[in-house]
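Colleague: Handing over protein.pdb, PDB, C-alpha atoms, pLDDT in the B column.
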```pdb
MODEL        1
ATOM      1  CA  MET U  24       0.000   0.000   0.000  1.00 51.00           C
ATOM      2  CA  ILE U  25       1.333   3.401  -1.020  1.00 56.00           C
ATOM      3  CA  LEU U  26       0.646   6.347   1.200  1.00 54.00           C
ATOM      4  CA  LYS U  27       0.091   9.642  -0.455  1.00 57.00           C
ATOM      5  CA  LYS U  28       1.015  12.856   1.266  1.00 56.00           C
ATOM      6  CA  SER U  29      -1.878  15.073   1.743  1.00 59.00           C
ATOM      7  CA  SER U  30      -1.941  18.472   0.178  1.00 63.00           C
ATOM      8  CA  ASN U  31      -1.726  19.978   3.654  1.00 68.00           C
ATOM      9  CA  GLU U  32       1.505  18.063   4.411  1.00 69.00           C
ATOM     10  CA  ASN U  33       3.027  19.219   1.098  1.00 70.00           C
ATOM     11  CA  ASP U  34       2.143  22.829   1.924  1.00 73.00           C
ATOM     12  CA  GLN U  35       3.723  22.489   5.363  1.00 78.00           C
ATOM     13  CA  THR U  36       6.931  21.003   3.896  1.00 79.00           C
ATOM     14  CA  GLU U  37       7.155  23.777   1.324  1.00 79.00           C
ATOM     15  CA  SER U  38       6.434  26.370   4.003  1.00 87.00           C
ATOM     16  CA  LEU U  39       9.125  24.862   6.238  1.00 89.00           C
ATOM     17  CA  ASP U  40      11.626  24.907   3.347  1.00 88.00           C
ATOM     18  CA  ASP U  41      10.719  28.548   2.634  1.00 90.00           C
ATOM     19  CA  LEU U  42      11.245  29.457   6.286  1.00 92.00           C
ATOM     20  CA  LYS U  43      14.639  27.693   6.355  1.00 93.00           C
ATOM     21  CA  ALA U  44      15.687  29.589   3.226  1.00 93.00           C
ATOM     22  CA  LYS U  45      14.508  32.858   4.751  1.00 95.00           C
ATOM     23  CA  ILE U  46      16.422  32.125   7.973  1.00 95.00           C
ATOM     24  CA  THR U  47      19.585  31.390   5.970  1.00 95.00           C
ATOM     25  CA  GLU U  48      19.098  34.624   4.034  1.00 95.00           C
ATOM     26  CA  LEU U  49      18.577  36.658   7.236  1.00 95.00           C
ATOM     27  CA  GLU U  50      21.622  35.055   8.896  1.00 96.00           C
ATOM     28  CA  GLY U  51      23.692  36.150   5.899  1.00 95.00           C
ATOM     29  CA  ALA U  52      22.292  39.671   6.125  1.00 95.00           C
ATOM     30  CA  VAL U  53      23.106  39.849   9.852  1.00 96.00           C
ATOM     31  CA  LEU U  54      26.679  38.660   9.245  1.00 96.00           C
ATOM     32  CA  TYR U  55      27.070  41.226   6.447  1.00 96.00           C
ATOM     33  CA  ALA U  56      25.734  44.002   8.690  1.00 96.00           C
ATOM     34  CA  LYS U  57      28.116  42.981  11.496  1.00 96.00           C
ATOM     35  CA  ALA U  58      31.060  43.003   9.084  1.00 96.00           C
ATOM     36  CA  GLU U  59      30.065  46.424   7.708  1.00 96.00           C
ATOM     37  CA  THR U  60      29.734  47.806  11.245  1.00 96.00           C
ATOM     38  CA  GLU U  61      33.150  46.449  12.207  1.00 96.00           C
ATOM     39  CA  ASN U  62      34.722  47.925   9.047  1.00 96.00           C
ATOM     40  CA  PHE U  63      33.090  51.300   9.760  1.00 96.00           C
ATOM     41  CA  ARG U  64      34.376  51.206  13.347  1.00 96.00           C
ATOM     42  CA  LYS U  65      37.927  50.435  12.158  1.00 95.00           C
ATOM     43  CA  ARG U  66      37.799  53.219   9.519  1.00 95.00           C
ATOM     44  CA  SER U  67      36.507  55.677  12.129  1.00 95.00           C
ATOM     45  CA  ILE U  68      39.299  54.813  14.555  1.00 94.00           C
ATOM     46  CA  ASP U  69      41.858  55.167  11.754  1.00 92.00           C
ATOM     47  CA  GLU U  70      40.446  58.571  10.734  1.00 92.00           C
ATOM     48  CA  MET U  71      40.437  59.805  14.346  1.00 91.00           C
ATOM     49  CA  ASP U  72      44.071  58.764  14.712  1.00 87.00           C
ATOM     50  CA  LYS U  73      44.998  60.589  11.499  1.00 86.00           C
ATOM     51  CA  THR U  74      43.023  63.663  12.573  1.00 85.00           C
ATOM     52  CA  ARG U  75      44.831  63.787  15.918  1.00 81.00           C
ATOM     53  CA  LYS U  76      48.197  63.176  14.289  1.00 80.00           C
ATOM     54  CA  TYR U  77      47.818  65.810  11.574  1.00 78.00           C
ATOM     55  CA  ALA U  78      45.527  68.322  13.290  1.00 78.00           C
ATOM     56  CA  ILE U  79      48.175  71.034  13.289  1.00 80.00           C
ATOM     57  CA  GLU U  80      49.427  70.352   9.769  1.00 80.00           C
ATOM     58  CA  ASN U  81      47.753  73.491   8.384  1.00 79.00           C
ATOM     59  CA  PHE U  82      49.185  75.602  11.198  1.00 81.00           C
ATOM     60  CA  ALA U  83      52.632  74.065  10.770  1.00 80.00           C
ATOM     61  CA  SER U  84      52.650  74.808   7.030  1.00 82.00           C
ATOM     62  CA  GLU U  85      51.698  78.435   7.629  1.00 83.00           C
ATOM     63  CA  ILE U  86      54.176  78.965  10.448  1.00 85.00           C
ATOM     64  CA  LEU U  87      57.026  77.594   8.307  1.00 86.00           C
ATOM     65  CA  LEU U  88      56.628  80.626   6.038  1.00 84.00           C
ATOM     66  CA  VAL U  89      57.164  82.894   9.037  1.00 86.00           C
ATOM     67  CA  LYS U  90      60.222  80.876  10.088  1.00 86.00           C
ATOM     68  CA  ASP U  91      61.648  81.283   6.573  1.00 85.00           C
ATOM     69  CA  SER U  92      61.180  85.063   6.819  1.00 82.00           C
ATOM     70  CA  LEU U  93      62.870  85.168  10.207  1.00 82.00           C
ATOM     71  CA  ASP U  94      65.807  83.166   8.876  1.00 81.00           C
ATOM     72  CA  ALA U  95      66.107  85.476   5.855  1.00 79.00           C
ATOM     73  CA  SER U  96      66.024  88.591   8.052  1.00 76.00           C
ATOM     74  CA  LEU U  97      68.808  87.183  10.225  1.00 74.00           C
ATOM     75  CA  MET U  98      71.012  86.866   7.127  1.00 75.00           C
ATOM     76  CA  VAL U  99      70.807  90.613   6.439  1.00 68.00           C
ATOM     77  CA  ASP U 100      74.113  92.455   6.624  1.00 67.00           C
ATOM     78  CA  GLU U 101      74.548  93.726  10.205  1.00 64.00           C
ATOM     79  CA  SER U 102      75.438  97.191   8.940  1.00 64.00           C
ATOM     80  CA  SER U 103      71.936  97.655   7.582  1.00 75.00           C
ATOM     81  CA  LEU U 104      69.778  98.085  10.681  1.00 78.00           C
ATOM     82  CA  GLU U 105      66.972  99.672   8.634  1.00 80.00           C
ATOM     83  CA  ASN U 106      66.747  96.601   6.360  1.00 78.00           C
ATOM     84  CA  TYR U 107      66.694  94.384   9.438  1.00 79.00           C
ATOM     85  CA  LYS U 108      63.815  96.399  10.918  1.00 82.00           C
ATOM     86  CA  GLU U 109      61.868  96.230   7.641  1.00 83.00           C
ATOM     87  CA  GLY U 110      62.401  92.453   7.562  1.00 81.00           C
ATOM     88  CA  MET U 111      61.082  92.128  11.109  1.00 86.00           C
ATOM     89  CA  GLU U 112      58.026  94.262  10.261  1.00 88.00           C
ATOM     90  CA  LEU U 113      57.350  92.115   7.188  1.00 88.00           C
ATOM     91  CA  THR U 114      57.667  88.949   9.281  1.00 88.00           C
ATOM     92  CA  SER U 115      55.277  90.373  11.875  1.00 90.00           C
ATOM     93  CA  LYS U 116      52.728  91.134   9.133  1.00 91.00           C
ATOM     94  CA  GLN U 117      53.169  87.624   7.784  1.00 90.00           C
ATOM     95  CA  LEU U 118      52.546  86.134  11.232  1.00 90.00           C
ATOM     96  CA  THR U 119      49.447  88.307  11.651  1.00 91.00           C
ATOM     97  CA  SER U 120      48.201  86.998   8.304  1.00 91.00           C
ATOM     98  CA  VAL U 121      48.704  83.406   9.479  1.00 89.00           C
ATOM     99  CA  PHE U 122      46.758  84.193  12.652  1.00 90.00           C
ATOM    100  CA  GLU U 123      43.888  85.625  10.592  1.00 91.00           C
ATOM    101  CA  LYS U 124      43.758  82.511   8.386  1.00 88.00           C
ATOM    102  CA  LEU U 125      43.620  80.278  11.449  1.00 86.00           C
ATOM    103  CA  ASN U 126      41.135  82.511  13.328  1.00 89.00           C
ATOM    104  CA  ILE U 127      43.614  83.391  16.079  1.00 91.00           C
ATOM    105  CA  LYS U 128      42.711  86.785  17.500  1.00 93.00           C
ATOM    106  CA  GLU U 129      44.773  89.052  19.694  1.00 93.00           C
ATOM    107  CA  ILE U 130      43.519  90.232  23.090  1.00 94.00           C
ATOM    108  CA  ASP U 131      44.898  93.719  23.769  1.00 92.00           C
ATOM    109  CA  PRO U 132      42.534  95.106  26.428  1.00 95.00           C
ATOM    110  CA  LYS U 133      44.197  98.401  27.399  1.00 94.00           C
ATOM    111  CA  GLY U 134      41.476 100.819  28.531  1.00 93.00           C
ATOM    112  CA  GLU U 135      38.806  98.096  28.703  1.00 95.00           C
ATOM    113  CA  VAL U 136      37.018  96.811  31.800  1.00 95.00           C
ATOM    114  CA  PHE U 137      38.840  93.858  33.368  1.00 96.00           C
ATOM    115  CA  ASP U 138      37.289  90.520  32.323  1.00 96.00           C
ATOM    116  CA  PRO U 139      38.630  87.440  34.153  1.00 96.00           C
ATOM    117  CA  ASN U 140      37.536  85.267  31.221  1.00 96.00           C
ATOM    118  CA  PHE U 141      40.095  86.952  28.947  1.00 96.00           C
ATOM    119  CA  HIS U 142      42.507  88.758  31.274  1.00 96.00           C
ATOM    120  CA  GLU U 143      44.755  87.768  34.146  1.00 96.00           C
ATOM    121  CA  ALA U 144      45.477  90.553  36.614  1.00 96.00           C
ATOM    122  CA  MET U 145      49.145  90.590  37.563  1.00 96.00           C
ATOM    123  CA  THR U 146      48.941  93.743  39.694  1.00 95.00           C
ATOM    124  CA  MET U 147      46.454  96.334  40.850  1.00 95.00           C
ATOM    125  CA  VAL U 148      47.522  99.937  41.225  1.00 94.00           C
ATOM    126  CA  GLU U 149      45.816 103.112  42.328  1.00 92.00           C
ATOM    127  CA  SER U 150      44.878 105.172  39.314  1.00 89.00           C
ATOM    128  CA  ASP U 151      42.794 108.088  38.144  1.00 88.00           C
ATOM    129  CA  GLN U 152      40.985 105.663  35.825  1.00 89.00           C
ATOM    130  CA  ASP U 153      37.825 103.851  36.876  1.00 90.00           C
ATOM    131  CA  ALA U 154      38.298 100.835  39.141  1.00 92.00           C
ATOM    132  CA  ASN U 155      38.690  97.517  37.296  1.00 93.00           C
ATOM    133  CA  THR U 156      39.973  99.219  34.144  1.00 95.00           C
ATOM    134  CA  VAL U 157      42.995  97.663  32.438  1.00 96.00           C
ATOM    135  CA  ILE U 158      45.674 100.342  32.538  1.00 96.00           C
ATOM    136  CA  SER U 159      48.534  98.393  30.961  1.00 95.00           C
ATOM    137  CA  VAL U 160      49.132  95.106  29.174  1.00 95.00           C
ATOM    138  CA  MET U 161      52.266  93.167  30.081  1.00 95.00           C
ATOM    139  CA  GLN U 162      51.580  90.377  27.615  1.00 94.00           C
ATOM    140  CA  LYS U 163      48.843  90.210  24.997  1.00 93.00           C
ATOM    141  CA  GLY U 164      46.444  87.291  25.080  1.00 93.00           C
ATOM    142  CA  TYR U 165      45.050  85.248  22.208  1.00 93.00           C
ATOM    143  CA  THR U 166      41.866  83.369  21.340  1.00 93.00           C
ATOM    144  CA  LEU U 167      41.367  80.559  18.857  1.00 91.00           C
ATOM    145  CA  ASN U 168      37.818  80.402  17.480  1.00 90.00           C
ATOM    146  CA  GLU U 169      36.555  82.433  20.446  1.00 90.00           C
ATOM    147  CA  ARG U 170      38.290  80.118  22.970  1.00 93.00           C
ATOM    148  CA  VAL U 171      41.092  81.578  25.088  1.00 94.00           C
ATOM    149  CA  LEU U 172      44.514  80.210  24.163  1.00 91.00           C
ATOM    150  CA  ARG U 173      46.277  82.531  26.564  1.00 94.00           C
ATOM    151  CA  PRO U 174      44.784  85.293  28.711  1.00 95.00           C
ATOM    152  CA  ALA U 175      46.255  88.782  28.517  1.00 95.00           C
ATOM    153  CA  LEU U 176      48.477  89.627  31.499  1.00 95.00           C
ATOM    154  CA  VAL U 177      47.373  93.028  32.731  1.00 97.00           C
ATOM    155  CA  THR U 178      47.638  95.726  35.367  1.00 96.00           C
ATOM    156  CA  VAL U 179      44.258  96.790  36.692  1.00 96.00           C
ATOM    157  CA  ALA U 180      43.237 100.102  38.260  1.00 95.00           C
ATOM    158  CA  LYS U 181      41.902 100.118  41.794  1.00 91.00           C
ATOM    159  CA  GLU U 182      40.192 102.892  43.697  1.00 84.00           C
ATOM    160  CA  LYS U 183      42.369 105.400  45.486  1.00 78.00           C
ATOM    161  CA  ASN U 184      42.216 105.190  49.271  1.00 71.00           C
TER     162      ASN U 184
ENDMDL
END
```
Show me this structure written as structure tokens.
Modeller:
Amino acid sequence: MILKKSSNENDQTESLDDLKAKITELEGAVLYAKAETENFRKRSIDEMDKTRKYAIENFASEILLVKDSLDASLMVDESSLENYKEGMELTSKQLTSVFEKLNIKEIDPKGEVFDPNFHEAMTMVESDQDANTVISVMQKGYTLNERVLRPALVTVAKEKN
């Protein structure tokens, strides 16, 4: 006697085969996604390392031009003090240009109200100026993209006793 599979059993077998194929397909997709994620993570780490390593490359390239100018001005004949001064002025302008390109701004607060976010008071002296006014700058400060690189070192006026 030969037993025939019922139509229902055939449908279940086909359905089971379809599900197994779908599971195999999804497993492959998951493995692919995991591999892609791992590759992305490795590329990101590599890019972060390169960014850290070469972050100042632009600055270094610009500052080399200033160094070249300084070296050239030091080669000027000692008898020509005026040429030496002109070379130093040119180098200073060049350095200012580099600062502008890199968004480095000078803090020169003479006559302004003392601001502890941008200034560091070195001394306070009695003065005819209003209290908390910067009366002299010992060392200029600098910001980089609005963030203080170095505060200005200042003398601040205090009230007369």
Colleague: Quote the spacing between CA of Ile130 in chain U and CA of Lys76 in chain U in Å to one decimal place.
Modeller: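 So the two atoms, CA of Ile130 in chain U and CA of Lys76 in chain U, lie 28.8 Å apart.
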Colleague: Can you tell me how far CA of Met111 in chain U sits from CA of Leu172 in chain U, in Å to one decimal?
Modeller: 24.2 Å
Colleague: Select all residues near (42.4, 101.8, 35.1) (cut-off 12 Å, inclusive, file coordinates), counting only C-alpha atoms, and output them as number ranges by chain.
Modeller: U: 132-137, 144, 146-160, 177-183
Colleague: Can those selected residues be exported to a file as a short mmCIF file (atom, residue, chain, number, x, y, z; two decimals), in the coordinates of the input so that it contains C-alpha atoms?
Modeller:
```cif
data_model
loop_
_atom_site.label_atom_id
_atom_site.label_comp_id
_atom_site.auth_asym_id
_atom_site.auth_seq_id
_atom_site.Cartn_x
_atom_site.Cartn_y
_atom_site.Cartn_z
CA PRO U 132 42.53 95.11 26.43
CA LYS U 133 44.20 98.40 27.40
CA GLY U 134 41.48 100.82 28.53
CA GLU U 135 38.81 98.10 28.70
CA VAL U 136 37.02 96.81 31.80
CA PHE U 137 38.84 93.86 33.37
CA ALA U 144 45.48 90.55 36.61
CA THR U 146 48.94 93.74 39.69
CA MET U 147 46.45 96.33 40.85
CA VAL U 148 47.52 99.94 41.22
CA GLU U 149 45.82 103.11 42.33
CA SER U 150 44.88 105.17 39.31
CA ASP U 151 42.79 108.09 38.14
CA GLN U 152 40.98 105.66 35.83
CA ASP U 153 37.83 103.85 36.88
CA ALA U 154 38.30 100.84 39.14
CA ASN U 155 38.69 97.52 37.30
CA THR U 156 39.97 99.22 34.14
CA VAL U 157 43.00 97.66 32.44
CA ILE U 158 45.67 100.34 32.54
CA SER U 159 48.53 98.39 30.96
CA VAL U 160 49.13 95.11 29.17
CA VAL U 177 47.37 93.03 32.73
CA THR U 178 47.64 95.73 35.37
CA VAL U 179 44.26 96.79 36.69
CA ALA U 180 43.24 100.10 38.26
CA LYS U 181 41.90 100.12 41.79
CA GLU U 182 40.19 102.89 43.70
CA LYS U 183 42.37 105.40 45.49
#
```
Colleague: List every protein, DNA or RNA residue that has an atom no more than 6 Å from (49.2, 90.8, 30.9) in the file's coordinate frame, counting all atoms listed in the file, and report them as a list of chain:residue names.
Modeller: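 Final list of nearby residues, as requested, is U:Val160, U:Met161, U:Gln162, U:Lys163, U:Ala175, U:Leu176, U:Val177.
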Colleague: Store the residues picked out above, limited to C-alpha atoms, as a compact mmCIF listing (two decimals), keeping the file's coordinate frame.
Modeller:
```
# COMPACT_ATOMS: atom_id res chain seq x y z
CA VAL U 160 49.13 95.11 29.17
CA MET U 161 52.27 93.17 30.08
CA GLN U 162 51.58 90.38 27.62
CA LYS U 163 48.84 90.21 25.00
CA ALA U 175 46.26 88.78 28.52
CA LEU U 176 48.48 89.63 31.50
CA VAL U 177 47.37 93.03 32.73
```
Colleague: Please list as an NGL selection string every residue within 8 Å of Leu167 in chain U, counting all atoms listed in the file and excluding residues in the same chain fewer than 2 positions away.
Modeller: :U and (125-128 or 165 or 169-172)
Colleague: Could those selected residues go to a file with C-alpha atoms, as a short mmCIF file (atom, residue, chain, number, x, y, z; two decimals), keeping the file's coordinate frame?
Modeller:
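Output contents, as saved in result_18.cif:
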```cif
data_model
loop_
_atom_site.label_atom_id
_atom_site.label_comp_id
_atom_site.auth_asym_id
_atom_site.auth_seq_id
_atom_site.Cartn_x
_atom_site.Cartn_y
_atom_site.Cartn_z
CA LEU U 125 43.62 80.28 11.45
CA ASN U 126 41.14 82.51 13.33
CA ILE U 127 43.61 83.39 16.08
CA LYS U 128 42.71 86.78 17.50
CA TYR U 165 45.05 85.25 22.21
CA GLU U 169 36.56 82.43 20.45
CA ARG U 170 38.29 80.12 22.97
CA VAL U 171 41.09 81.58 25.09
CA LEU U 172 44.51 80.21 24.16
#
```
Colleague: Rounded to one decimal in Å, what is the spacing between CA of Lys90 in chain U and CA of Glu123 in chain U?
Modeller: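 It comes out at 17.0 Å.
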Colleague: Could you list, as a list in words, every residue matched by the PyMOL selection byres ((chain U and resi 92) around 12) in this structure?
Modeller: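 When the PyMOL selection byres ((chain U and resi 92) around 12) is applied, the selected residues are Glu85, Ile86, Leu87, Leu88, Val89, Lys90, Asp91, Leu93, Asp94, Ala95, Ser96, Leu97, Met98, Val99, Tyr107, Glu109, Gly110, Met111, Glu112, Leu113, Thr114, Ser115, Lys116, Gln117 and Leu118 of chain U.
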Colleague: Let me see the file: selected residues, C-alpha atoms, as an mmCIF file, keeping the file's coordinate frame.
Modeller:
```cif
data_model
loop_
_atom_site.group_PDB
_atom_site.id
_atom_site.type_symbol
_atom_site.label_atom_id
_atom_site.label_comp_id
_atom_site.auth_asym_id
_atom_site.auth_seq_id
_atom_site.Cartn_x
_atom_site.Cartn_y
_atom_site.Cartn_z
ATOM 1 C CA GLU U 85 51.698 78.435 7.629
ATOM 2 C CA ILE U 86 54.176 78.965 10.448
ATOM 3 C CA LEU U 87 57.026 77.594 8.307
ATOM 4 C CA LEU U 88 56.628 80.626 6.038
ATOM 5 C CA VAL U 89 57.164 82.894 9.037
ATOM 6 C CA LYS U 90 60.222 80.876 10.088
ATOM 7 C CA ASP U 91 61.648 81.283 6.573
ATOM 8 C CA LEU U 93 62.870 85.168 10.207
ATOM 9 C CA ASP U 94 65.807 83.166 8.876
ATOM 10 C CA ALA U 95 66.107 85.476 5.855
ATOM 11 C CA SER U 96 66.024 88.591 8.052
ATOM 12 C CA LEU U 97 68.808 87.183 10.225
ATOM 13 C CA MET U 98 71.012 86.866 7.127
ATOM 14 C CA VAL U 99 70.807 90.613 6.439
ATOM 15 C CA TYR U 107 66.694 94.384 9.438
ATOM 16 C CA GLU U 109 61.868 96.230 7.641
ATOM 17 C CA GLY U 110 62.401 92.453 7.562
ATOM 18 C CA MET U 111 61.082 92.128 11.109
ATOM 19 C CA GLU U 112 58.026 94.262 10.261
ATOM 20 C CA LEU U 113 57.350 92.115 7.188
ATOM 21 C CA THR U 114 57.667 88.949 9.281
ATOM 22 C CA SER U 115 55.277 90.373 11.875
ATOM 23 C CA LYS U 116 52.728 91.134 9.133
ATOM 24 C CA GLN U 117 53.169 87.624 7.784
ATOM 25 C CA LEU U 118 52.546 86.134 11.232
#
```
Colleague: Quick one: 3 Å padding each side, axis-aligned, all listed atoms of range 66-82 of chain U - centre and edge lengths in Å to one decimal, as JSON?
Modeller:
```
{"center_x": 43.0, "center_y": 64.4, "center_z": 12.2, "size_x": 18.9, "size_y": 28.4, "size_z": 13.5}
```
Colleague: Between U:Val53, U:Met145, U:Ala44, U:Val121, which has the minimum distance to Ala83 in chain U (counting only C-alpha atoms)?
Modeller: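 Under the stated criterion, the closest residue is U:Val121.
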Colleague: Missing atoms in range 35-62 of chain U: can you complete it with N, CA and C atoms, as a short mmCIF file (atom, residue, chain, number, x, y, z; two decimals), in the frame of the given file?
Modeller:
```
data_model
loop_
_atom_site.label_atom_id
_atom_site.label_comp_id
_atom_site.auth_asym_id
_atom_site.auth_seq_id
_atom_site.Cartn_x
_atom_site.Cartn_y
_atom_site.Cartn_z
N GLN U 35 2.92 22.28 4.16
CA GLN U 35 3.72 22.49 5.36
C GLN U 35 5.21 22.27 5.07
N THR U 36 5.54 21.28 4.26
CA THR U 36 6.93 21.00 3.90
C THR U 36 7.50 22.16 3.08
N GLU U 37 6.71 22.63 2.12
CA GLU U 37 7.16 23.78 1.32
C GLU U 37 7.31 25.01 2.20
N SER U 38 6.38 25.22 3.11
CA SER U 38 6.43 26.37 4.00
C SER U 38 7.66 26.27 4.90
N LEU U 39 7.96 25.07 5.39
CA LEU U 39 9.12 24.86 6.24
C LEU U 39 10.41 25.12 5.44
N ASP U 40 10.47 24.65 4.20
CA ASP U 40 11.63 24.91 3.35
C ASP U 40 11.79 26.41 3.07
N ASP U 41 10.67 27.09 2.85
CA ASP U 41 10.72 28.55 2.63
C ASP U 41 11.25 29.26 3.87
N LEU U 42 10.79 28.84 5.04
CA LEU U 42 11.24 29.46 6.29
C LEU U 42 12.74 29.20 6.51
N LYS U 43 13.21 28.00 6.21
CA LYS U 43 14.64 27.69 6.36
C LYS U 43 15.46 28.57 5.41
N ALA U 44 14.98 28.74 4.19
CA ALA U 44 15.69 29.59 3.23
C ALA U 44 15.71 31.04 3.70
N LYS U 45 14.59 31.48 4.25
CA LYS U 45 14.51 32.86 4.75
C LYS U 45 15.46 33.05 5.93
N ILE U 46 15.51 32.05 6.82
CA ILE U 46 16.42 32.12 7.97
C ILE U 46 17.87 32.19 7.49
N THR U 47 18.23 31.38 6.53
CA THR U 47 19.58 31.39 5.97
C THR U 47 19.90 32.76 5.36
N GLU U 48 18.92 33.30 4.65
CA GLU U 48 19.10 34.62 4.03
C GLU U 48 19.29 35.70 5.11
N LEU U 49 18.48 35.66 6.15
CA LEU U 49 18.58 36.66 7.24
C LEU U 49 19.88 36.50 8.01
N GLU U 50 20.33 35.27 8.23
CA GLU U 50 21.62 35.06 8.90
C GLU U 50 22.75 35.70 8.09
N GLY U 51 22.69 35.53 6.77
CA GLY U 51 23.69 36.15 5.90
C GLY U 51 23.65 37.67 5.99
N ALA U 52 22.44 38.21 6.03
CA ALA U 52 22.29 39.67 6.12
C ALA U 52 22.84 40.19 7.45
N VAL U 53 22.59 39.45 8.53
CA VAL U 53 23.11 39.85 9.85
C VAL U 53 24.63 39.81 9.85
N LEU U 54 25.22 38.75 9.31
CA LEU U 54 26.68 38.66 9.24
C LEU U 54 27.27 39.79 8.40
N TYR U 55 26.62 40.13 7.30
CA TYR U 55 27.07 41.23 6.45
C TYR U 55 27.01 42.55 7.21
N ALA U 56 25.89 42.76 7.92
CA ALA U 56 25.73 44.00 8.69
C ALA U 56 26.79 44.10 9.79
N LYS U 57 27.08 42.98 10.46
CA LYS U 57 28.12 42.98 11.50
C LYS U 57 29.48 43.31 10.89
N ALA U 58 29.78 42.74 9.74
CA ALA U 58 31.06 43.00 9.08
C ALA U 58 31.16 44.47 8.67
N GLU U 59 30.08 45.01 8.11
CA GLU U 59 30.06 46.42 7.71
C GLU U 59 30.26 47.33 8.92
N THR U 60 29.60 47.01 10.02
CA THR U 60 29.73 47.81 11.24
C THR U 60 31.17 47.76 11.75
N GLU U 61 31.76 46.59 11.75
CA GLU U 61 33.15 46.45 12.21
C GLU U 61 34.10 47.23 11.30
N ASN U 62 33.89 47.16 9.99
CA ASN U 62 34.72 47.92 9.05
C ASN U 62 34.57 49.42 9.28
#
```
